[in-house]
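Engineer: Below is coords_14.tsv; it holds TSV, C-alpha atoms.
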chain	number	residue	atom	x	y	z
A	8	GLU	CA	100.10	77.02	93.12
A	9	GLU	CA	103.56	78.61	92.81
A	10	LEU	CA	102.13	81.66	91.06
A	11	MET	CA	99.57	82.14	93.84
A	12	VAL	CA	102.30	81.88	96.48
A	13	ARG	CA	104.59	84.33	94.68
A	14	THR	CA	101.86	86.89	93.96
A	15	GLN	CA	99.31	86.34	96.74
A	16	THR	CA	96.52	86.52	94.13
A	17	SER	CA	93.94	83.98	93.02
A	18	VAL	CA	95.11	82.11	89.92
A	19	PHE	CA	92.79	80.71	87.26
A	20	LEU	CA	93.32	78.30	84.38
A	21	GLY	CA	90.81	78.31	81.54
A	22	ILE	CA	90.07	77.42	77.95
A	23	LEU	CA	88.23	79.15	75.15
A	24	ASN	CA	84.76	77.69	74.75
A	25	TRP	CA	83.02	79.38	71.80
A	26	ASP	CA	82.43	82.96	72.97
A	27	GLN	CA	83.17	82.24	76.63
A	28	VAL	CA	86.09	81.18	78.76
A	29	THR	CA	85.54	78.09	80.89
A	30	ILE	CA	87.42	77.91	84.18
A	31	LEU	CA	89.23	74.57	84.48
A	32	ASP	CA	91.03	75.16	87.75
A	33	ILE	CA	91.63	77.79	90.41
A	34	VAL	CA	94.11	78.23	93.20
A	35	GLU	CA	92.59	80.69	95.62
A	36	SER	CA	94.71	83.30	97.30
A	37	ARG	CA	95.29	82.63	100.97
A	38	GLN	CA	94.52	86.25	101.78
A	39	GLY	CA	91.56	86.81	104.11
A	40	LEU	CA	89.46	88.18	101.27
A	41	ASN	CA	90.02	86.82	97.79
A	42	ILE	CA	88.49	86.48	94.34
A	43	THR	CA	87.12	83.10	93.34
A	44	ALA	CA	84.73	81.31	91.00
A	45	PRO	CA	83.63	77.68	90.80
A	46	VAL	CA	85.52	75.34	88.47
A	47	GLY	CA	83.40	74.85	85.36
A	48	SER	CA	81.91	78.32	85.45
A	49	THR	CA	82.26	80.59	82.45
A	50	ILE	CA	83.06	84.23	81.89
A	51	PRO	CA	82.39	86.24	78.75
A	52	LEU	CA	85.15	86.27	76.14
A	53	PHE	CA	85.31	90.06	76.34
A	54	ALA	CA	85.72	90.06	80.12
A	55	GLY	CA	89.11	91.60	80.73
A	56	ALA	CA	92.58	90.12	80.41
A	57	VAL	CA	91.90	86.47	79.62
A	58	GLY	CA	89.65	87.25	76.66
A	59	LYS	CA	92.27	89.61	75.26
A	60	VAL	CA	94.83	86.80	75.41
A	61	PHE	CA	92.61	84.41	73.48
A	62	LEU	CA	91.68	87.02	70.87
A	63	ALA	CA	95.28	88.23	70.51
A	64	CYS	CA	96.48	84.68	69.81
A	65	MET	CA	94.04	84.29	66.93
A	66	PRO	CA	94.77	85.50	63.42
A	67	GLU	CA	93.74	89.17	63.37
A	68	GLU	CA	91.00	88.55	60.79
A	69	GLN	CA	89.40	85.86	62.98
A	70	ALA	CA	89.51	88.08	66.09
A	71	ALA	CA	88.05	90.98	64.11
A	72	LYS	CA	85.21	88.78	62.88
A	73	ILE	CA	84.34	87.75	66.45
A	74	VAL	CA	84.60	91.26	67.87
A	75	ASN	CA	82.60	92.77	65.01
A	76	SER	CA	79.87	90.13	65.29
A	77	LYS	CA	79.50	90.37	69.07
A	78	GLY	CA	80.34	94.03	69.75
A	79	LEU	CA	82.24	95.17	72.82
A	80	PRO	CA	80.13	95.14	75.99
A	81	ARG	CA	80.56	97.69	78.76
A	82	PHE	CA	80.97	95.85	82.06
A	83	THR	CA	82.36	98.90	83.90
A	84	ALA	CA	83.33	102.47	83.08
A	85	ASN	CA	86.84	101.14	82.35
A	86	SER	CA	85.72	98.59	79.74
A	87	ILE	CA	87.26	99.20	76.33
A	88	VAL	CA	84.28	99.62	74.01
A	89	ASP	CA	85.95	101.53	71.17
A	90	MET	CA	86.89	99.06	68.39
A	91	ASP	CA	90.10	100.88	67.38
A	92	ALA	CA	91.27	101.11	70.99
A	93	TYR	CA	90.45	97.43	71.56
A	94	PHE	CA	92.37	96.27	68.49
A	95	SER	CA	95.32	98.46	69.54
A	96	GLU	CA	95.18	96.72	72.91
A	97	LEU	CA	95.18	93.29	71.20
A	98	ARG	CA	98.29	94.31	69.23
A	99	ARG	CA	100.00	95.27	72.52
A	100	VAL	CA	99.03	91.89	73.98
A	101	ARG	CA	100.59	90.10	70.96
A	102	GLU	CA	103.80	92.10	71.39
A	103	LYS	CA	104.10	91.73	75.17
A	104	GLY	CA	102.78	88.21	75.56
A	105	TYR	CA	100.32	89.10	78.31
A	106	ALA	CA	97.14	91.12	78.84
A	107	VAL	CA	96.05	93.37	81.66
A	108	ASP	CA	92.59	94.08	83.08
A	109	ASP	CA	92.40	97.32	85.05
A	110	GLU	CA	88.86	97.19	86.43
A	111	GLU	CA	87.49	96.49	82.94
A	112	TYR	CA	85.33	93.55	83.98
A	113	ILE	CA	84.72	94.12	87.70
A	114	LEU	CA	85.27	97.39	89.57
A	115	GLY	CA	88.04	97.13	92.15
A	116	VAL	CA	89.61	94.08	90.46
A	117	ARG	CA	92.80	93.91	88.38
A	118	ALA	CA	94.20	90.91	86.51
A	119	VAL	CA	97.01	89.74	84.26
A	120	ALA	CA	96.63	86.85	81.80
A	121	SER	CA	99.14	84.98	79.67
A	122	PRO	CA	98.68	82.24	77.05
A	123	ILE	CA	99.65	78.61	77.55
A	124	LEU	CA	100.90	77.15	74.28
A	125	GLY	CA	101.40	73.60	73.08
A	126	LEU	CA	103.55	73.21	69.96
A	127	GLY	CA	102.74	76.76	68.94
A	128	GLN	CA	98.98	76.41	69.37
A	129	LEU	CA	97.02	78.17	72.07
A	130	ARG	CA	95.80	75.54	74.51
A	131	SER	CA	94.59	77.60	77.44
A	132	ALA	CA	95.44	80.65	79.50
A	133	ILE	CA	96.43	81.38	83.05
A	134	TRP	CA	95.45	84.55	84.83
A	135	ALA	CA	96.10	86.05	88.24
A	136	VAL	CA	93.45	88.22	89.85
A	137	GLY	CA	93.49	90.53	92.84
A	138	PHE	CA	92.00	93.64	94.32
A	139	LYS	CA	93.13	97.00	92.98
A	140	ALA	CA	93.79	98.22	96.52
A	141	SER	CA	96.66	95.72	96.82
A	142	LEU	CA	97.86	95.85	93.19
A	143	ASP	CA	99.58	99.16	92.53
A	144	GLU	CA	101.58	99.69	89.32
A	145	LYS	CA	104.75	98.12	90.73
A	146	ARG	CA	102.87	95.01	91.88
A	147	MET	CA	101.10	94.82	88.51
A	148	GLN	CA	104.49	94.75	86.77
A	149	THR	CA	105.56	91.93	89.07
A	150	LEU	CA	102.25	90.16	88.48
A	151	ALA	CA	102.77	90.43	84.71
A	152	ALA	CA	106.29	89.02	84.91
A	153	GLU	CA	105.30	86.18	87.23
A	154	THR	CA	102.21	85.26	85.22
A	155	GLN	CA	104.25	85.13	82.00
A	156	LYS	CA	106.92	83.06	83.72
A	157	ALA	CA	104.30	80.56	84.95
A	158	ALA	CA	102.63	80.35	81.53
A	159	LYS	CA	105.97	79.69	79.83
A	160	ALA	CA	106.87	76.99	82.36
A	161	ILE	CA	103.52	75.24	81.86
A	162	SER	CA	103.82	75.60	78.07
A	163	ARG	CA	107.28	74.04	78.18
A	164	ARG	CA	105.94	71.06	80.16
A	165	ILE	CA	103.08	70.57	77.70
A	166	GLN	CA	105.44	70.73	74.73
A	167	GLU	CA	107.78	68.20	76.34
A	168	GLN	CA	104.86	65.82	76.92
A	169	LEU	CA	103.56	66.27	73.38
A	170	LEU	CA	107.01	65.56	71.96
A	171	GLY	CA	107.62	62.66	74.35
A	172	LYS	CA	110.64	64.23	76.00
A	173	PRO	CA	111.46	63.12	79.52
A	174	LYS	CA	110.92	65.49	82.44
A	175	VAL	CA	114.04	67.11	83.83
Now that the file is in, can you turn its structure into C-alpha coordinates?
Structural biologist:
Amino acid sequence: EELMVRTQTSVFLGILNWDQVTILDIVESRQGLNITAPVGSTIPLFAGAVGKVFLACMPEEQAAKIVNSKGLPRFTANSIVDMDAYFSELRRVREKGYAVDDEEYILGVRAVASPILGLGQLRSAIWAVGFKASLDEKRMQTLAAETQKAAKAISRRIQEQLLGKPKV
(Lines of atoms letter the chains of each structure in order from A and count residues from 1; the text may use other names and numbers.)
(Lines give C-alpha, C1' and ligand atoms only; values in the text may rest on other atoms or scores of the structure.)
Protein backbone atom coordinates (compact mmCIF):
# COMPACT_ATOMS: atom_id res chain seq x y z
CA GLU A 1 0.00 0.00 0.00
CA GLU A 2 2.77 2.43 0.97
CA LEU A 3 4.69 1.69 -2.22
CA MET A 4 1.60 2.39 -4.33
CA VAL A 5 1.02 5.68 -2.52
CA ARG A 6 4.66 6.78 -2.90
CA THR A 7 4.93 5.80 -6.57
CA GLN A 8 1.35 6.06 -7.87
CA THR A 9 1.83 2.71 -9.66
CA SER A 10 0.08 -0.62 -9.28
CA VAL A 11 2.03 -2.92 -6.95
CA PHE A 12 2.05 -6.71 -7.22
CA LEU A 13 3.25 -9.46 -4.90
CA GLY A 14 3.96 -12.87 -6.36
CA ILE A 15 5.71 -16.20 -5.99
CA LEU A 16 7.55 -18.47 -8.37
CA ASN A 17 5.33 -21.36 -9.41
CA TRP A 18 7.31 -23.70 -11.70
CA ASP A 19 7.83 -21.69 -14.89
CA GLN A 20 5.29 -19.01 -14.02
CA VAL A 21 4.81 -16.30 -11.45
CA THR A 22 1.55 -16.44 -9.50
CA ILE A 23 0.12 -13.13 -8.31
CA LEU A 24 -0.71 -13.31 -4.60
CA ASP A 25 -1.81 -9.74 -4.05
CA ILE A 26 -2.16 -6.42 -5.82
CA VAL A 27 -2.63 -2.85 -4.72
CA GLU A 28 -4.01 -0.97 -7.69
CA SER A 29 -2.88 2.53 -8.44
CA ARG A 30 -5.50 5.15 -7.72
CA GLN A 31 -4.79 6.82 -11.04
CA GLY A 32 -7.73 7.01 -13.44
CA LEU A 33 -6.18 4.40 -15.71
CA ASN A 34 -4.04 1.69 -14.15
CA ILE A 35 -2.55 -1.74 -14.70
CA THR A 36 -4.13 -4.67 -12.91
CA ALA A 37 -4.56 -8.44 -12.93
CA PRO A 38 -6.69 -10.76 -10.81
CA VAL A 39 -5.13 -12.31 -7.70
CA GLY A 40 -4.25 -15.91 -8.53
CA SER A 41 -3.48 -15.21 -12.16
CA THR A 42 -0.11 -16.15 -13.57
CA ILE A 43 2.41 -14.53 -15.86
CA PRO A 44 5.23 -16.26 -17.70
CA LEU A 45 8.55 -16.50 -15.87
CA PHE A 46 10.26 -14.65 -18.72
CA ALA A 47 7.79 -11.76 -18.62
CA GLY A 48 9.85 -8.74 -17.69
CA ALA A 49 11.21 -7.61 -14.35
CA VAL A 50 9.71 -10.12 -11.92
CA GLY A 51 11.00 -13.15 -13.82
CA LYS A 52 14.47 -11.62 -13.93
CA VAL A 53 14.40 -11.26 -10.14
CA PHE A 54 13.49 -14.90 -9.61
CA LEU A 55 16.08 -16.15 -12.11
CA ALA A 56 18.79 -13.82 -10.76
CA CYS A 57 18.26 -15.14 -7.22
CA MET A 58 18.85 -18.73 -8.34
CA PRO A 59 22.29 -20.25 -8.67
CA GLU A 60 23.51 -19.31 -12.15
CA GLU A 61 23.61 -22.95 -13.29
CA GLN A 62 19.96 -23.48 -12.31
CA ALA A 63 18.84 -20.28 -14.09
CA ALA A 64 20.84 -21.27 -17.18
CA LYS A 65 19.19 -24.70 -17.22
CA ILE A 66 15.72 -23.12 -17.11
CA VAL A 67 16.48 -20.48 -19.73
CA ASN A 68 18.17 -22.98 -22.05
CA SER A 69 15.30 -25.48 -21.74
CA LYS A 70 12.54 -22.93 -22.31
CA GLY A 71 14.20 -20.41 -24.64
CA LEU A 72 13.54 -16.69 -24.46
CA PRO A 73 10.17 -15.69 -25.91
CA ARG A 74 9.61 -12.42 -27.73
CA PHE A 75 6.61 -10.65 -26.19
CA THR A 76 7.47 -7.26 -27.75
CA ALA A 77 10.22 -5.76 -29.87
CA ASN A 78 11.96 -4.83 -26.59
CA SER A 79 12.04 -8.39 -25.20
CA ILE A 80 15.56 -9.64 -24.56
CA VAL A 81 15.84 -12.79 -26.67
CA ASP A 82 19.63 -13.02 -26.98
CA MET A 83 20.95 -15.48 -24.35
CA ASP A 84 24.21 -13.58 -23.70
CA ALA A 85 22.36 -10.28 -23.28
CA TYR A 86 19.80 -11.92 -20.98
CA PHE A 87 22.46 -13.47 -18.73
CA SER A 88 24.28 -10.12 -18.62
CA GLU A 89 20.99 -8.57 -17.50
CA LEU A 90 20.61 -11.24 -14.77
CA ARG A 91 24.12 -10.41 -13.51
CA ARG A 92 23.12 -6.72 -13.32
CA VAL A 93 20.00 -7.69 -11.37
CA ARG A 94 22.13 -9.68 -8.88
CA GLU A 95 24.45 -6.69 -8.41
CA LYS A 96 21.74 -4.02 -8.11
CA GLY A 97 19.12 -6.02 -6.23
CA TYR A 98 16.29 -5.10 -8.58
CA ALA A 99 15.19 -5.69 -12.17
CA VAL A 100 13.66 -3.37 -14.73
CA ASP A 101 11.17 -4.05 -17.53
CA ASP A 102 11.17 -1.39 -20.23
CA GLU A 103 8.28 -2.50 -22.43
CA GLU A 104 9.72 -6.03 -22.60
CA TYR A 105 6.47 -7.79 -21.73
CA ILE A 106 3.76 -5.29 -22.72
CA LEU A 107 4.25 -2.27 -24.98
CA GLY A 108 3.75 1.01 -23.15
CA VAL A 109 4.36 -0.58 -19.72
CA ARG A 110 7.42 -0.29 -17.48
CA ALA A 111 8.09 -2.07 -14.20
CA VAL A 112 10.62 -2.55 -11.42
CA ALA A 113 10.82 -5.72 -9.32
CA SER A 114 12.78 -6.59 -6.20
CA PRO A 115 13.12 -9.85 -4.25
CA ILE A 116 11.59 -10.50 -0.85
CA LEU A 117 13.89 -12.70 1.21
CA GLY A 118 13.34 -14.76 4.33
CA LEU A 119 16.52 -15.90 6.12
CA GLY A 120 18.47 -15.56 2.90
CA GLN A 121 16.03 -17.56 0.78
CA LEU A 122 13.90 -16.03 -1.94
CA ARG A 123 10.29 -16.14 -0.78
CA SER A 124 8.53 -13.89 -3.25
CA ALA A 125 8.94 -10.66 -5.17
CA ILE A 126 7.27 -7.30 -5.26
CA TRP A 127 6.97 -5.26 -8.41
CA ALA A 128 5.58 -1.86 -9.31
CA VAL A 129 4.06 -1.31 -12.74
CA GLY A 130 3.04 1.80 -14.62
CA PHE A 131 2.65 3.30 -18.04
CA LYS A 132 5.77 4.44 -19.87
CA ALA A 133 4.16 7.82 -20.55
CA SER A 134 4.29 8.61 -16.81
CA LEU A 135 7.56 6.81 -16.00
CA ASP A 136 10.48 8.73 -17.44
CA GLU A 137 14.07 7.85 -16.46
CA LYS A 138 13.99 9.99 -13.31
CA ARG A 139 10.73 8.39 -12.13
CA MET A 140 12.11 4.93 -12.96
CA GLN A 141 15.10 5.62 -10.69
CA THR A 142 12.70 6.64 -7.93
CA LEU A 143 10.56 3.57 -8.62
CA ALA A 144 13.64 1.35 -8.34
CA ALA A 145 14.70 2.90 -5.03
CA GLU A 146 11.19 2.75 -3.56
CA THR A 147 10.57 -0.82 -4.71
CA GLN A 148 13.88 -1.97 -3.19
CA LYS A 149 13.08 -0.12 0.02
CA ALA A 150 9.67 -1.82 0.26
CA ALA A 151 11.13 -5.26 -0.49
CA LYS A 152 13.78 -4.82 2.20
CA ALA A 153 11.20 -3.69 4.76
CA ILE A 154 8.98 -6.70 4.02
CA SER A 155 12.00 -9.03 4.09
CA ARG A 156 13.01 -7.65 7.47
CA ARG A 157 9.50 -8.30 8.85
CA ILE A 158 9.52 -11.86 7.53
CA GLN A 159 12.95 -12.53 9.03
CA GLU A 160 11.85 -11.15 12.39
CA GLN A 161 8.79 -13.42 12.37
CA LEU A 162 10.84 -16.46 11.36
CA LEU A 163 13.33 -15.79 14.14
CA GLY A 164 10.59 -14.99 16.67
CA LYS A 165 11.74 -11.45 17.29
CA PRO A 166 9.15 -8.99 18.51
CA LYS A 167 7.89 -6.23 16.22
CA VAL A 168 9.29 -2.78 16.87
Engineer: Have a look at A:Val119, A:Leu31, A:Glu102, A:Asn41 and name the one nearest to Met147 of chain A; count only C-alpha atoms.
Structural biologist: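 Looking at the shortest contact to Met147 of chain A, the residue is A:Val119.
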Engineer: If you count all atoms listed in the file, which residues fall within 10 Å of Arg163 of chain A, apart from same-chain ones fewer than 6 positions away, as a list of chain:residue names?
Structural biologist: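 Close residues of Arg163 of chain A: A:Ile123, A:Leu124, A:Gly125, A:Leu126, A:Ala157, A:Leu169.
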Engineer: Work out how far apart atom CA of Gln69 of chain A and atom CA of Phe94 of chain A are and give it in Å to one decimal.
Structural biologist: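 Distance between the two atoms: 12.1 Å.
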Engineer: Name the residues, using the chain letters and numbers of the file, that sit within 10 Å of (81.3, 96.2, 71.4) when counting all atoms listed in the file, and give them as a ChimeraX atom specification.
Structural biologist: /A:53,74-81,86-90,93
Engineer: Up to 8 Å from (95.5, 95.4, 89.4) in the file's coordinates: name the residues, counting only C-alpha atoms, as a list in words.
Structural biologist: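 Collected hits near the coordinates: Asp108, Asp109, Glu110, Val116, Arg117, Ala118, Val119, Val136, Gly137, Phe138, Lys139, Ala140, Ser141, Leu142, Asp143, Glu144, Arg146 and Met147 of chain A.
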Engineer: Export all heavy atoms of segment 37-53 of chain A from the structure just given, as a short mmCIF file (atom, residue, chain, number, x, y, z; two decimals), in the first residue's frame?
Structural biologist:
data_model
loop_
_atom_site.label_atom_id
_atom_site.label_comp_id
_atom_site.auth_asym_id
_atom_site.auth_seq_id
_atom_site.Cartn_x
_atom_site.Cartn_y
_atom_site.Cartn_z
N ARG A 37 -4.26 4.37 -7.79
CA ARG A 37 -5.50 5.15 -7.72
C ARG A 37 -5.62 6.13 -8.88
O ARG A 37 -6.51 6.98 -8.89
CB ARG A 37 -5.58 5.87 -6.38
CG ARG A 37 -5.71 4.90 -5.23
CD ARG A 37 -6.03 5.59 -3.93
NE ARG A 37 -6.03 4.61 -2.85
CZ ARG A 37 -5.21 4.65 -1.81
NH1 ARG A 37 -4.34 5.62 -1.69
NH2 ARG A 37 -5.28 3.73 -0.88
N GLN A 38 -4.72 6.00 -9.84
CA GLN A 38 -4.79 6.82 -11.04
C GLN A 38 -6.04 6.41 -11.82
O GLN A 38 -6.53 5.30 -11.68
CB GLN A 38 -3.55 6.63 -11.91
CG GLN A 38 -2.24 6.97 -11.21
CD GLN A 38 -2.18 8.44 -10.80
OE1 GLN A 38 -2.40 9.33 -11.60
NE2 GLN A 38 -1.90 8.68 -9.53
N GLY A 39 -6.52 7.29 -12.67
CA GLY A 39 -7.73 7.01 -13.44
C GLY A 39 -7.60 5.76 -14.29
O GLY A 39 -8.52 4.96 -14.41
N LEU A 40 -6.45 5.57 -14.88
CA LEU A 40 -6.18 4.40 -15.71
C LEU A 40 -4.98 3.69 -15.09
O LEU A 40 -3.95 4.31 -14.84
CB LEU A 40 -5.84 4.86 -17.14
CG LEU A 40 -5.65 3.78 -18.19
CD1 LEU A 40 -6.93 2.97 -18.36
CD2 LEU A 40 -5.26 4.41 -19.52
N ASN A 41 -5.14 2.40 -14.80
CA ASN A 41 -4.04 1.69 -14.15
C ASN A 41 -3.90 0.28 -14.70
O ASN A 41 -4.72 -0.19 -15.47
CB ASN A 41 -4.21 1.69 -12.64
CG ASN A 41 -5.43 0.94 -12.19
OD1 ASN A 41 -5.71 -0.15 -12.66
ND2 ASN A 41 -6.19 1.52 -11.27
N ILE A 42 -2.85 -0.38 -14.28
CA ILE A 42 -2.55 -1.74 -14.70
C ILE A 42 -2.95 -2.68 -13.58
O ILE A 42 -2.62 -2.44 -12.41
CB ILE A 42 -1.06 -1.86 -15.04
CG1 ILE A 42 -0.75 -0.94 -16.21
CG2 ILE A 42 -0.68 -3.30 -15.34
CD1 ILE A 42 0.69 -0.62 -16.39
N THR A 43 -3.66 -3.75 -13.93
CA THR A 43 -4.13 -4.67 -12.91
C THR A 43 -4.18 -6.09 -13.46
O THR A 43 -4.01 -6.30 -14.67
CB THR A 43 -5.52 -4.25 -12.38
OG1 THR A 43 -5.84 -5.03 -11.24
CG2 THR A 43 -6.60 -4.36 -13.44
N ALA A 44 -4.36 -7.03 -12.59
CA ALA A 44 -4.56 -8.44 -12.93
C ALA A 44 -5.23 -9.08 -11.73
O ALA A 44 -5.01 -8.67 -10.59
CB ALA A 44 -3.23 -9.12 -13.23
N PRO A 45 -6.03 -10.11 -11.94
CA PRO A 45 -6.69 -10.76 -10.81
C PRO A 45 -5.69 -11.53 -9.93
O PRO A 45 -4.75 -12.13 -10.43
CB PRO A 45 -7.67 -11.75 -11.46
CG PRO A 45 -7.72 -11.39 -12.90
CD PRO A 45 -6.46 -10.64 -13.23
N VAL A 46 -5.92 -11.49 -8.62
CA VAL A 46 -5.13 -12.31 -7.70
C VAL A 46 -5.31 -13.77 -8.12
O VAL A 46 -6.41 -14.19 -8.47
CB VAL A 46 -5.59 -12.09 -6.24
CG1 VAL A 46 -4.98 -13.11 -5.31
CG2 VAL A 46 -5.25 -10.67 -5.79
N GLY A 47 -4.22 -14.51 -8.12
CA GLY A 47 -4.25 -15.91 -8.53
C GLY A 47 -3.89 -16.12 -9.98
O GLY A 47 -3.61 -17.24 -10.39
N SER A 48 -3.87 -15.05 -10.76
CA SER A 48 -3.48 -15.21 -12.16
C SER A 48 -1.97 -15.39 -12.26
O SER A 48 -1.23 -15.11 -11.31
CB SER A 48 -3.97 -14.05 -13.02
OG SER A 48 -3.42 -12.83 -12.58
N THR A 49 -1.53 -15.89 -13.38
CA THR A 49 -0.11 -16.15 -13.57
C THR A 49 0.41 -15.38 -14.77
O THR A 49 -0.34 -15.05 -15.69
CB THR A 49 0.17 -17.66 -13.78
OG1 THR A 49 -0.55 -18.10 -14.94
CG2 THR A 49 -0.24 -18.46 -12.58
N ILE A 50 1.71 -15.11 -14.71
CA ILE A 50 2.41 -14.53 -15.86
C ILE A 50 3.62 -15.41 -16.14
O ILE A 50 4.13 -16.07 -15.23
CB ILE A 50 2.80 -13.05 -15.62
CG1 ILE A 50 3.69 -12.90 -14.39
CG2 ILE A 50 1.58 -12.17 -15.50
CD1 ILE A 50 4.22 -11.49 -14.19
N PRO A 51 4.07 -15.43 -17.38
CA PRO A 51 5.23 -16.26 -17.70
C PRO A 51 6.48 -15.83 -16.93
O PRO A 51 6.68 -14.65 -16.65
CB PRO A 51 5.42 -16.04 -19.20
CG PRO A 51 4.13 -15.46 -19.69
CD PRO A 51 3.54 -14.72 -18.54
N LEU A 52 7.31 -16.79 -16.60
CA LEU A 52 8.55 -16.50 -15.87
C LEU A 52 9.43 -15.49 -16.62
O LEU A 52 10.10 -14.68 -16.02
CB LEU A 52 9.34 -17.80 -15.64
CG LEU A 52 10.68 -17.68 -14.93
CD1 LEU A 52 10.52 -17.07 -13.53
CD2 LEU A 52 11.35 -19.03 -14.83
N PHE A 53 9.40 -15.53 -17.93
CA PHE A 53 10.26 -14.65 -18.72
C PHE A 53 9.60 -13.32 -19.05
O PHE A 53 10.08 -12.58 -19.90
CB PHE A 53 10.70 -15.36 -20.01
CG PHE A 53 11.48 -16.60 -19.72
CD1 PHE A 53 10.95 -17.85 -19.98
CD2 PHE A 53 12.75 -16.53 -19.16
CE1 PHE A 53 11.67 -19.01 -19.70
CE2 PHE A 53 13.47 -17.68 -18.87
CZ PHE A 53 12.92 -18.92 -19.14
#
